[in-house]
Each structure stands twice: as C-alpha cells, then as structure tokens.
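For reference, input26.cif (mmCIF, C-alpha atoms and all ligand atoms):
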data_model
#
loop_
_atom_site.label_atom_id
_atom_site.label_comp_id
_atom_site.auth_asym_id
_atom_site.auth_seq_id
_atom_site.Cartn_x
_atom_site.Cartn_y
_atom_site.Cartn_z
CA LYS A 1 22.23 -4.68 51.75
CA ALA A 2 18.54 -5.51 51.50
CA ALA A 3 17.78 -1.89 50.58
CA THR A 4 20.31 -1.98 47.74
CA ALA A 5 18.87 -5.21 46.37
CA SER A 6 15.29 -3.92 46.29
CA LYS A 7 16.45 -0.66 44.75
CA SER A 8 18.12 -2.43 41.83
CA ALA A 9 15.07 -4.69 41.40
CA ALA A 10 12.89 -1.60 41.10
CA ALA A 11 15.29 -0.09 38.58
CA ALA A 12 15.16 -3.25 36.49
CA ALA A 13 11.35 -3.28 36.53
CA VAL A 14 11.18 0.14 34.88
CA ALA A 15 12.66 -0.34 31.42
CA SER A 16 14.97 2.48 30.45
CA PRO A 17 14.47 4.39 27.21
CA VAL A 18 16.51 3.23 24.24
CA VAL A 19 19.71 5.23 23.84
CA ILE A 20 20.97 5.47 20.27
CA THR A 21 24.74 5.27 20.18
CA HIS A 22 26.63 6.73 17.20
CA PRO A 23 23.56 8.39 15.64
CA GLU A 24 25.89 10.05 13.09
CA ARG A 25 27.21 6.71 11.81
CA VAL A 26 26.52 6.30 8.08
CA VAL A 27 24.38 3.23 7.31
CA PHE A 28 23.73 3.81 3.57
CA PRO A 29 27.01 5.27 2.26
CA ASP A 30 25.80 5.92 -1.32
CA ASP A 31 22.92 7.94 0.03
CA GLY A 32 24.58 9.47 3.09
CA ILE A 33 21.83 8.08 5.32
CA THR A 34 22.78 7.86 9.02
CA LYS A 35 21.70 5.60 11.85
CA GLN A 36 19.67 8.52 13.26
CA GLN A 37 17.79 8.78 9.95
CA VAL A 38 17.06 5.05 10.09
CA VAL A 39 15.71 5.51 13.62
CA ASP A 40 13.64 8.50 12.47
CA TYR A 41 12.27 6.49 9.53
CA TYR A 42 11.19 3.64 11.78
CA ARG A 43 9.60 6.02 14.29
CA ALA A 44 7.69 7.71 11.44
CA VAL A 45 6.25 4.45 10.05
CA MET A 46 5.82 2.74 13.42
CA PRO A 47 1.98 2.59 13.41
CA TRP A 48 2.16 0.89 10.00
CA LEU A 49 5.13 -1.39 10.66
CA LEU A 50 4.14 -2.66 14.09
CA PRO A 51 1.03 -4.61 13.03
CA ALA A 52 3.25 -6.46 10.51
CA ILE A 53 5.72 -7.72 13.12
CA ALA A 54 4.28 -7.34 16.62
CA ASP A 55 4.21 -10.67 18.46
CA ARG A 56 5.60 -12.57 15.49
CA PRO A 57 8.97 -14.31 15.72
CA THR A 58 11.08 -11.88 13.70
CA SER A 59 14.51 -12.18 12.17
CA THR A 60 16.48 -9.06 11.38
CA ILE A 61 19.15 -8.21 8.88
CA ARG A 62 21.76 -6.37 10.89
CA CYS A 63 24.39 -4.20 9.28
CA PRO A 64 26.51 -3.00 12.20
CA GLY A 65 29.07 -1.43 9.85
CA GLY A 66 26.52 -0.07 7.36
CA ILE A 67 25.21 -1.80 4.24
CA ALA A 68 28.56 -1.70 2.42
CA SER A 69 30.07 -3.94 5.11
CA PRO A 70 28.90 -7.47 5.88
CA CYS A 71 25.27 -7.74 7.04
CA PHE A 72 23.91 -10.69 9.01
CA PHE A 73 20.57 -12.49 8.79
CA GLN A 74 19.89 -12.86 12.48
CA LYS A 75 17.26 -15.34 13.66
CA HIS A 76 18.19 -15.50 17.31
CA VAL A 77 18.95 -13.31 20.28
CA MET A 78 22.15 -11.36 19.66
CA ALA A 79 22.42 -9.19 22.75
CA ARG A 80 20.72 -8.45 26.03
CA LEU A 81 17.61 -6.67 24.87
CA GLU A 82 15.37 -4.93 27.36
CA HIS A 83 12.38 -4.17 25.17
CA VAL A 84 12.07 -7.15 22.86
CA GLY A 85 10.21 -10.33 23.71
CA THR A 86 12.12 -13.61 23.66
CA ALA A 87 10.74 -17.13 23.42
CA ARG A 88 12.14 -20.60 23.07
CA LEU A 89 10.89 -22.29 19.93
CA LYS A 90 11.54 -25.65 18.37
CA GLU A 91 13.75 -25.55 15.27
CA GLU A 92 13.29 -27.75 12.20
CA THR A 93 16.10 -29.90 13.60
CA GLY A 94 14.14 -30.49 16.82
CA ALA A 95 16.57 -28.41 18.88
CA GLN A 96 15.31 -25.33 20.69
CA ALA A 97 16.46 -21.80 20.06
CA VAL A 98 15.55 -18.41 21.46
CA TYR A 99 13.66 -16.23 18.99
CA LEU A 100 12.87 -12.54 19.21
CA TYR A 101 9.48 -10.93 18.86
CA PRO A 102 9.04 -7.16 18.87
CA ARG A 103 6.07 -5.99 20.91
CA ASP A 104 6.18 -2.24 20.69
CA GLU A 105 8.00 0.82 19.42
CA SER A 106 10.80 0.56 22.00
CA GLY A 107 11.56 -2.98 20.89
CA VAL A 108 11.81 -2.00 17.24
CA ILE A 109 14.06 0.95 18.06
CA GLU A 110 16.20 -1.19 20.35
CA LEU A 111 16.78 -3.61 17.47
CA VAL A 112 17.74 -0.66 15.25
CA GLN A 113 20.15 0.45 17.98
CA PHE A 114 21.71 -3.02 17.66
CA GLY A 115 22.16 -2.53 13.92
CA ALA A 116 18.92 -3.94 12.48
CA VAL A 117 18.03 -2.51 9.07
CA GLU A 118 15.47 -5.09 7.88
CA PHE A 119 12.65 -6.95 9.67
CA HIS A 120 11.52 -10.42 8.56
CA PRO A 121 8.59 -11.94 10.46
CA TRP A 122 7.24 -15.48 10.45
CA GLY A 123 3.78 -16.12 9.05
CA SER A 124 2.53 -16.95 12.54
CA HIS A 125 2.38 -15.42 16.00
CA ILE A 126 4.50 -16.21 19.03
CA GLY A 127 1.53 -17.64 20.94
CA SER A 128 0.73 -20.12 18.15
CA PRO A 129 3.87 -20.55 16.05
CA ASP A 130 2.48 -23.69 14.36
CA ILE A 131 -0.58 -21.91 12.94
CA ALA A 132 0.03 -19.72 9.91
CA ASP A 133 -2.22 -16.75 9.29
CA ARG A 134 -0.84 -15.81 5.89
CA VAL A 135 0.56 -17.24 2.71
CA VAL A 136 3.18 -15.23 0.81
CA PHE A 137 3.83 -15.78 -2.88
CA ASP A 138 7.24 -14.30 -3.51
CA LEU A 139 7.53 -13.51 -7.23
CA ASP A 140 11.19 -13.51 -8.22
CA PRO A 141 11.87 -12.39 -11.78
CA GLY A 142 14.78 -14.16 -13.48
CA GLU A 143 17.25 -12.38 -15.69
CA ASP A 144 15.79 -10.68 -18.76
CA VAL A 145 12.31 -10.24 -17.28
CA GLU A 146 10.89 -6.78 -17.87
CA TRP A 147 9.08 -5.04 -15.05
CA ARG A 148 5.71 -4.99 -16.85
CA ARG A 149 5.82 -8.80 -16.89
CA VAL A 150 6.30 -8.85 -13.11
CA ILE A 151 3.18 -6.71 -12.75
CA ALA A 152 1.27 -8.98 -15.13
CA ALA A 153 2.46 -12.03 -13.17
CA ALA A 154 1.21 -10.59 -9.87
CA ARG A 155 -2.17 -9.95 -11.49
CA MET A 156 -2.28 -13.51 -12.80
CA VAL A 157 -1.54 -14.83 -9.31
CA ARG A 158 -4.33 -12.65 -7.97
CA GLY A 159 -6.70 -13.89 -10.68
CA PHE A 160 -5.98 -17.55 -9.98
CA LEU A 161 -6.34 -17.00 -6.22
CA ASP A 162 -9.64 -15.28 -6.90
CA GLU A 163 -10.84 -18.33 -8.88
CA LEU A 164 -10.11 -20.37 -5.76
CA GLY A 165 -12.11 -17.92 -3.68
CA LEU A 166 -9.10 -16.29 -2.04
CA VAL A 167 -8.63 -12.55 -1.57
CA SER A 168 -5.03 -11.35 -1.89
CA PHE A 169 -2.93 -8.23 -1.37
CA VAL A 170 0.20 -6.98 -3.13
CA ARG A 171 3.38 -5.27 -1.94
CA THR A 172 6.68 -4.18 -3.34
CA THR A 173 9.69 -5.86 -1.77
CA GLY A 174 12.10 -2.98 -2.12
CA GLY A 175 14.01 -5.33 -4.41
CA LYS A 176 13.39 -6.89 -7.80
CA GLY A 177 10.02 -8.56 -7.40
CA LEU A 178 6.62 -8.39 -5.74
CA HIS A 179 4.88 -10.31 -2.97
CA VAL A 180 1.26 -11.44 -3.16
CA VAL A 181 -0.07 -12.04 0.36
CA VAL A 182 -3.09 -14.20 1.22
CA PRO A 183 -4.50 -13.72 4.73
CA LEU A 184 -5.91 -16.82 6.44
CA ASN A 185 -8.65 -16.81 9.03
CA PRO A 186 -8.95 -19.35 10.49
CA GLY A 187 -5.25 -20.08 10.31
CA ALA A 188 -3.86 -23.35 9.04
CA ASP A 189 -1.05 -25.63 10.11
CA TRP A 190 2.22 -25.36 8.19
CA ALA A 191 1.75 -28.67 6.39
CA THR A 192 -1.54 -27.42 4.93
CA VAL A 193 -0.05 -24.05 4.01
CA LYS A 194 3.05 -25.54 2.44
CA GLY A 195 0.97 -28.06 0.48
CA PHE A 196 -1.28 -25.30 -0.81
CA ALA A 197 1.58 -22.94 -1.71
CA ARG A 198 3.45 -25.64 -3.58
CA GLY A 199 0.34 -26.94 -5.36
CA PHE A 200 -0.63 -23.42 -6.35
CA ALA A 201 2.84 -22.56 -7.69
CA GLU A 202 3.14 -25.80 -9.64
CA THR A 203 -0.33 -25.47 -11.16
CA LEU A 204 0.39 -21.88 -12.13
CA ALA A 205 3.64 -22.93 -13.82
CA GLN A 206 1.78 -25.66 -15.73
CA LEU A 207 -0.94 -23.25 -16.85
CA HIS A 208 1.53 -20.55 -17.94
CA PRO A 209 4.84 -22.28 -18.63
CA LEU A 210 6.31 -19.31 -20.48
CA GLU A 211 5.74 -16.95 -17.56
CA PHE A 212 6.29 -18.98 -14.39
CA VAL A 213 8.60 -21.60 -12.93
CA ALA A 214 8.03 -23.32 -9.61
CA THR A 215 11.41 -25.02 -9.21
CA ALA A 216 14.05 -23.38 -7.09
CA SER A 217 16.87 -24.24 -9.50
CA LYS A 218 18.35 -21.00 -10.83
CA ARG A 219 19.11 -22.29 -14.34
CA PHE A 220 15.39 -22.67 -15.17
CA ARG A 221 14.61 -19.09 -14.20
CA ARG A 222 16.06 -17.08 -17.05
CA GLY A 223 13.31 -15.13 -18.77
CA LYS A 224 10.70 -16.38 -16.29
CA ILE A 225 9.26 -15.56 -12.92
CA TYR A 226 9.99 -17.96 -10.11
CA VAL A 227 7.03 -18.41 -7.79
CA ASP A 228 8.99 -18.84 -4.56
CA TYR A 229 6.48 -20.74 -2.44
CA LEU A 230 9.20 -21.68 0.07
CA ARG A 231 8.49 -18.52 2.09
CA ASN A 232 5.68 -20.64 3.53
CA GLY A 233 6.94 -22.98 6.18
CA ARG A 234 7.55 -23.03 9.88
CA GLY A 235 10.52 -20.77 10.53
CA ALA A 236 10.52 -19.30 7.02
CA THR A 237 10.25 -15.53 6.77
CA ALA A 238 9.41 -12.81 4.29
CA VAL A 239 10.29 -9.16 4.56
CA ALA A 240 7.80 -7.10 6.61
CA SER A 241 5.68 -4.41 5.01
CA TYR A 242 7.40 -1.04 5.71
CA SER A 243 10.79 -2.64 6.40
CA LEU A 244 13.79 -0.90 4.87
CA ARG A 245 16.06 -3.02 2.68
CA SER A 246 19.83 -3.03 3.12
CA ARG A 247 20.38 -2.04 -0.49
CA PRO A 248 21.55 1.21 -2.10
CA GLY A 249 18.83 3.85 -2.16
CA ALA A 250 17.31 2.62 1.15
CA PRO A 251 14.29 1.06 -0.57
CA VAL A 252 11.21 -0.06 1.39
CA ALA A 253 8.74 -2.95 1.08
CA VAL A 254 5.42 -1.17 0.51
CA PRO A 255 1.81 -2.46 0.52
CA LEU A 256 -0.17 -1.20 -2.47
CA ARG A 257 -3.75 -1.20 -3.64
CA TRP A 258 -4.10 -3.48 -6.65
CA ASP A 259 -5.14 -0.50 -8.77
CA GLU A 260 -1.83 1.27 -8.00
CA LEU A 261 0.24 -1.50 -9.52
CA GLY A 262 -0.05 -0.26 -13.12
CA LYS A 263 1.79 2.96 -12.41
CA LEU A 264 4.54 1.35 -10.34
CA LYS A 265 7.92 1.73 -12.04
CA SER A 266 9.88 -0.97 -10.15
CA GLY A 267 9.99 -3.09 -7.02
CA ASN A 268 12.25 -0.55 -5.35
CA ALA A 269 10.30 2.55 -6.33
CA PHE A 270 9.69 3.58 -2.70
CA ASP A 271 12.38 4.50 -0.20
CA LEU A 272 13.18 5.89 3.25
CA ALA A 273 12.39 9.44 2.08
CA THR A 274 9.25 8.82 0.01
CA VAL A 275 7.37 6.31 2.18
CA PRO A 276 6.59 8.69 5.09
CA LYS A 277 5.30 11.20 2.52
CA ARG A 278 3.13 8.55 0.89
CA LEU A 279 1.70 7.58 4.28
CA ALA A 280 0.94 11.21 5.15
CA ARG A 281 -1.03 11.53 1.89
CA LEU A 282 -2.94 8.25 2.10
CA ARG A 283 -6.57 8.48 3.03
CA LYS A 284 -6.78 4.83 3.99
CA ASP A 285 -4.64 1.76 4.42
CA PRO A 286 -3.93 0.21 0.99
CA TRP A 287 -4.47 -3.14 2.71
CA GLU A 288 -7.64 -1.99 4.45
CA GLY A 289 -9.81 -4.92 5.46
CA ILE A 290 -7.03 -7.52 5.50
CA ASP A 291 -7.71 -8.36 9.14
CA ALA A 292 -11.43 -8.82 8.51
CA VAL A 293 -10.99 -11.32 5.66
CA LYS A 294 -12.33 -14.75 6.56
CA GLN A 295 -10.92 -17.48 4.36
CA ASP A 296 -10.01 -21.07 5.09
CA LEU A 297 -7.41 -23.13 3.21
CA GLU A 298 -8.89 -26.55 3.95
CA ALA A 299 -11.70 -26.22 1.40
CA VAL A 300 -9.40 -24.55 -1.11
CA ASN A 301 -6.88 -27.39 -1.08
CA GLU A 302 -9.62 -29.77 -2.22
CA THR A 303 -10.56 -27.44 -5.11
CA LEU A 304 -6.92 -27.10 -6.12
CA ALA A 305 -6.34 -30.86 -6.00
CA ALA A 306 -9.39 -31.38 -8.25
CA ARG A 307 -7.95 -29.19 -11.04
P1 LIG A 401 13.20 -9.48 -4.12
O1 LIG A 401 11.98 -8.81 -4.62
O2 LIG A 401 14.45 -8.79 -4.57
O3 LIG A 401 13.19 -10.95 -4.43
P2 LIG A 401 12.75 -10.44 -1.46
O4 LIG A 401 12.65 -9.87 -0.12
O5 LIG A 401 11.55 -11.17 -1.94
O6 LIG A 401 13.16 -9.30 -2.52
P3 LIG A 401 14.10 -12.95 -1.76
O7 LIG A 401 15.55 -13.23 -1.94
O8 LIG A 401 13.18 -13.39 -2.82
O9 LIG A 401 14.03 -11.37 -1.49
O10 LIG A 401 13.53 -13.53 -0.42
C1 LIG A 401 14.35 -14.04 0.48
C2 LIG A 401 13.62 -14.12 1.79
O11 LIG A 401 14.23 -15.17 2.51
C3 LIG A 401 13.84 -12.87 2.58
O12 LIG A 401 12.73 -12.02 2.50
C4 LIG A 401 14.07 -13.36 4.00
O13 LIG A 401 12.89 -13.27 4.77
C5 LIG A 401 14.52 -14.76 3.81
N1 LIG A 401 15.96 -14.84 4.00
C6 LIG A 401 16.91 -14.02 3.52
N2 LIG A 401 18.13 -14.39 3.93
C7 LIG A 401 17.94 -15.50 4.66
C8 LIG A 401 18.82 -16.38 5.37
N3 LIG A 401 20.14 -16.19 5.40
N4 LIG A 401 18.26 -17.43 5.99
C9 LIG A 401 16.93 -17.63 5.96
N5 LIG A 401 16.06 -16.83 5.31
C10 LIG A 401 16.55 -15.78 4.69
MN MN A 402 11.54 -12.24 -3.76
MN MN A 403 12.62 -15.53 -3.15
#
Do you think you could lay out the structure here as structure tokens?
Ligand code: ATP
Ligand code: MN
Ligand code: MN
Amino acid sequence: KAATASKSAAAAAVASPVVITHPERVVFPDDGITKQQVVDYYRAVMPWLLPAIADRPTSTIRCPGGIASPCFFQKHVMARLEHVGTARLKEETGAQAVYLYPRDESGVIELVQFGAVEFHPWGSHIGSPDIADRVVFDLDPGEDVEWRRVIAAARMVRGFLDELGLVSFVRTTGGKGLHVVVPLNPGADWATVKGFARGFAETLAQLHPLEFVATASKRFRRGKIYVDYLRNGRGATAVASYSLRSRPGAPVAVPLRWDELGKLKSGNAFDLATVPKRLARLRKDPWEGIDAVKQDLEAVNETLAAR
C-alpha cells in the first residue's frame, strides 16, 4: 500500500507532456485551419508570445467547437490543468476567484489543448496584481472610419504621449483597430493608471473632437475613433501580442515599429501563416527596449491635470 502511494506521488511530481486530442479538428472552417496548426503556430511564436503573458493573470477565448461555434471568454479555471499556474485573486465584487497564469510553453499548449484560441493578459503580474506595468490605449474605429485615419490617430496618441514624456509602442489587434502601449517602470496602482488613461483620452477628445471620442456610448462613435481607456483597470485585459484572434483568416495581434505603420493595410493584415515568416525575417524585436524604459505616471498625472 505504502509503495503504491509513493509511486503515484512520484508520478504526479513529474508533469506529463501535453497530449493534443483531435489534432485534425478544424478550428477556422473558412481557412481549413486545424487544431494541430493552431498548436504549431503557438509553438513557432512561443519565444515572442511568452514574455507577453508569462506570470500574468490571463483570460482565454476558448472555441471548443471552432470559431464558427460559440466561443467563451474564460477568466477562471475551466479544467484540471497540470502546467498552468493558478492563484486566488480578489474580484471587483470583493469575492475571490481562481485565475490562471501561464508560466511556460507547456502551459500555453495545454490551454490550446483545452480549446484556447486567444490570450488576454492583465496589465500586471501575478505576484503584484495591484501594480500595473503598462497602459493600453485601445483605438476602436467607429463605422465609416477609413484605415488611414486609424493610423493617423495612433500617431496622434503617440505624439501626445511624447509631449507628456512617455514612450509608447504600437500593435495591430488582428481586428479593426490598433493598440498603443505605454510601459510603466516603476509600476503604478490601478487608480493612478485608470485616472491617467481616462484623463488622457478625454483631453485627446477635447483637442481633436472630430477624430476622437472618449465616451463608451456607441451612438457617438460613428465616423470617429473611440479611445477605449477602459482596458486599464484591475481585472481588465487586452489581447496579447502574438495571440491569434478567433475571426476568419486567423489574424494575429502583432507588435510593429512605428515606422512600419505607414505601409500597414489593416488591423488584421497579419495572420497565422504570415507571422512566423515575419518573425524569421526580423533582425530585431519591433518593441526592442520596452523592458528598459523607465517612466513613472505620478509626475505625468500632474502635467496632464495642469493642461
Ligand atoms: P479591435 O481592434 O477589433 O477593437 P480588440 O482586441 O481591441 O480588437 P476590443 O473589442 O476593442 O477588441 O477589446 C475588447 C477587449 O476586452 C478584448 O481585448 C478583451 O481583452 C476584453 N474582453 C473581450 N471580451 C470580454 C468579456 N466577455 N469580458 C471581459 N473582457 C472582455
Ligand atoms: Mn479595440
Ligand atoms: Mn475596445
């Protein structure tokens, strides 16, 4: 009896490799892309994806029946996972819930095995969930907004951030818009980040009322770009760089150099097939230096308030 018990304890200590069931199952029916191809994509981009999600509470969009069937935005543990970290965190409501945080390749692949197509991290790490280390300005074009205006808007956001002394980075979302990301070091608490993001968006909308709106209400968005600052709060998420999107064409959220933006044709210009090729060609990370940027929101909030 004792021998059996210690044997199974030893077996549990050595995590087994992730087995992909139904690798032939079609995930993107319009494109004929299978679960195995999704796994292969994530393995190919793993060194680029992992820094974006490792040790951050991460929600997934799971599409167990493929993207043409219902998909689920999943914040919490959905199965017994061997390779993914779990931690109890306080919710907005004050209740506690168990969140997932990928740590390594096996964890990412295990989530894909459980149907994950998209990865959406918090703006903070599991060890310090109350301290944000990035601000994300999610630029959402309303109806009747041409793509060149989205590019111009991202550049205006960059310019205004620059006036405040903040360095920023841009990525496609794989969808309709762009994200402008501001790294923070030291980090800031969520109240500070939220206050900054809202103040920034509202000031921008006042300065350029024909281009931007800062109110969530859909009816004000037609012909304008909504600066969705609500991505910045405890428990809020934004899509991870190098995540696939559960949309036809298997588009990908892709970090760019600012000087690449001009030739970008749309927010979903990159996909499962083209991103690994792009990465193989790149000589350096388009977001090189992001981890070395030192910028503090406290001082900036005073400057913004004074405008
Ligand atoms: P696009 O460029 O098309 O706008 P996007 O990723 O920015 O692409 P949004 O709809 O602007 O899409 O952003 C929504 C964000 O809100 C997602 O990135 C995700 O992190 C988060 N989100 C999506 N669904 C839910 C949900 N059900 N509950 C909470 N957050 C969600
Ligand atoms: Mn968006
Ligand atoms: Mn949005």
Take the point (-0.2, -5.3, -5.9) as written in the file and pick out every residue within 12 Å of it, counting only C-alpha atoms; give the list as an NGL selection string. :A and (137-139 or 150-159 or 167-173 or 177-182 or 253-264 or 266-267 or 286-287)
Would you tabulate, counting all atoms listed in the file, all residues of region 196-275 of chain A that have an atom at most 10 Å from an atom of region 37-44 of chain A, showing the closest pair of atoms and their distance in Å to one decimal, sorted by chain then ascending number, as a tab-separated table?
residue	atom	partner	partner_atom	distance
A:Tyr242	CA	A:Tyr42	CA	8.6
A:Ser243	CA	A:Tyr42	CA	8.3
A:Leu244	CA	A:Val38	CA	8.6
A:Ala250	CA	A:Val38	CA	9.3
A:Asp271	CA	A:Tyr41	CA	9.9
A:Leu272	CA	A:Tyr41	CA	6.4
A:Ala273	CA	A:Tyr41	CA	8.0
A:Val275	CA	A:Tyr41	CA	8.8
List as a PyMOL selection string the protein and nucleic acid residues near region 61-65 of chain A, meaning an atom at most 7 Å away when only C-alpha atoms are counted, but skip any in the same chain fewer than 6 places from it. chain A and resi 71-74+115-119
Could you check the closest approach to Ala280 (chain A) for each of A:Gly249, A:Gly123, A:Gly32, A:Pro47 and tell me which residue wins, using all atoms listed in the file? A:Pro47
Could you list, as a PyMOL selection string, all the residues within 8 Å of ligand MN 403 (chain A), counting all atoms listed in the file? chain A and resi 138-140+226-228+230-231
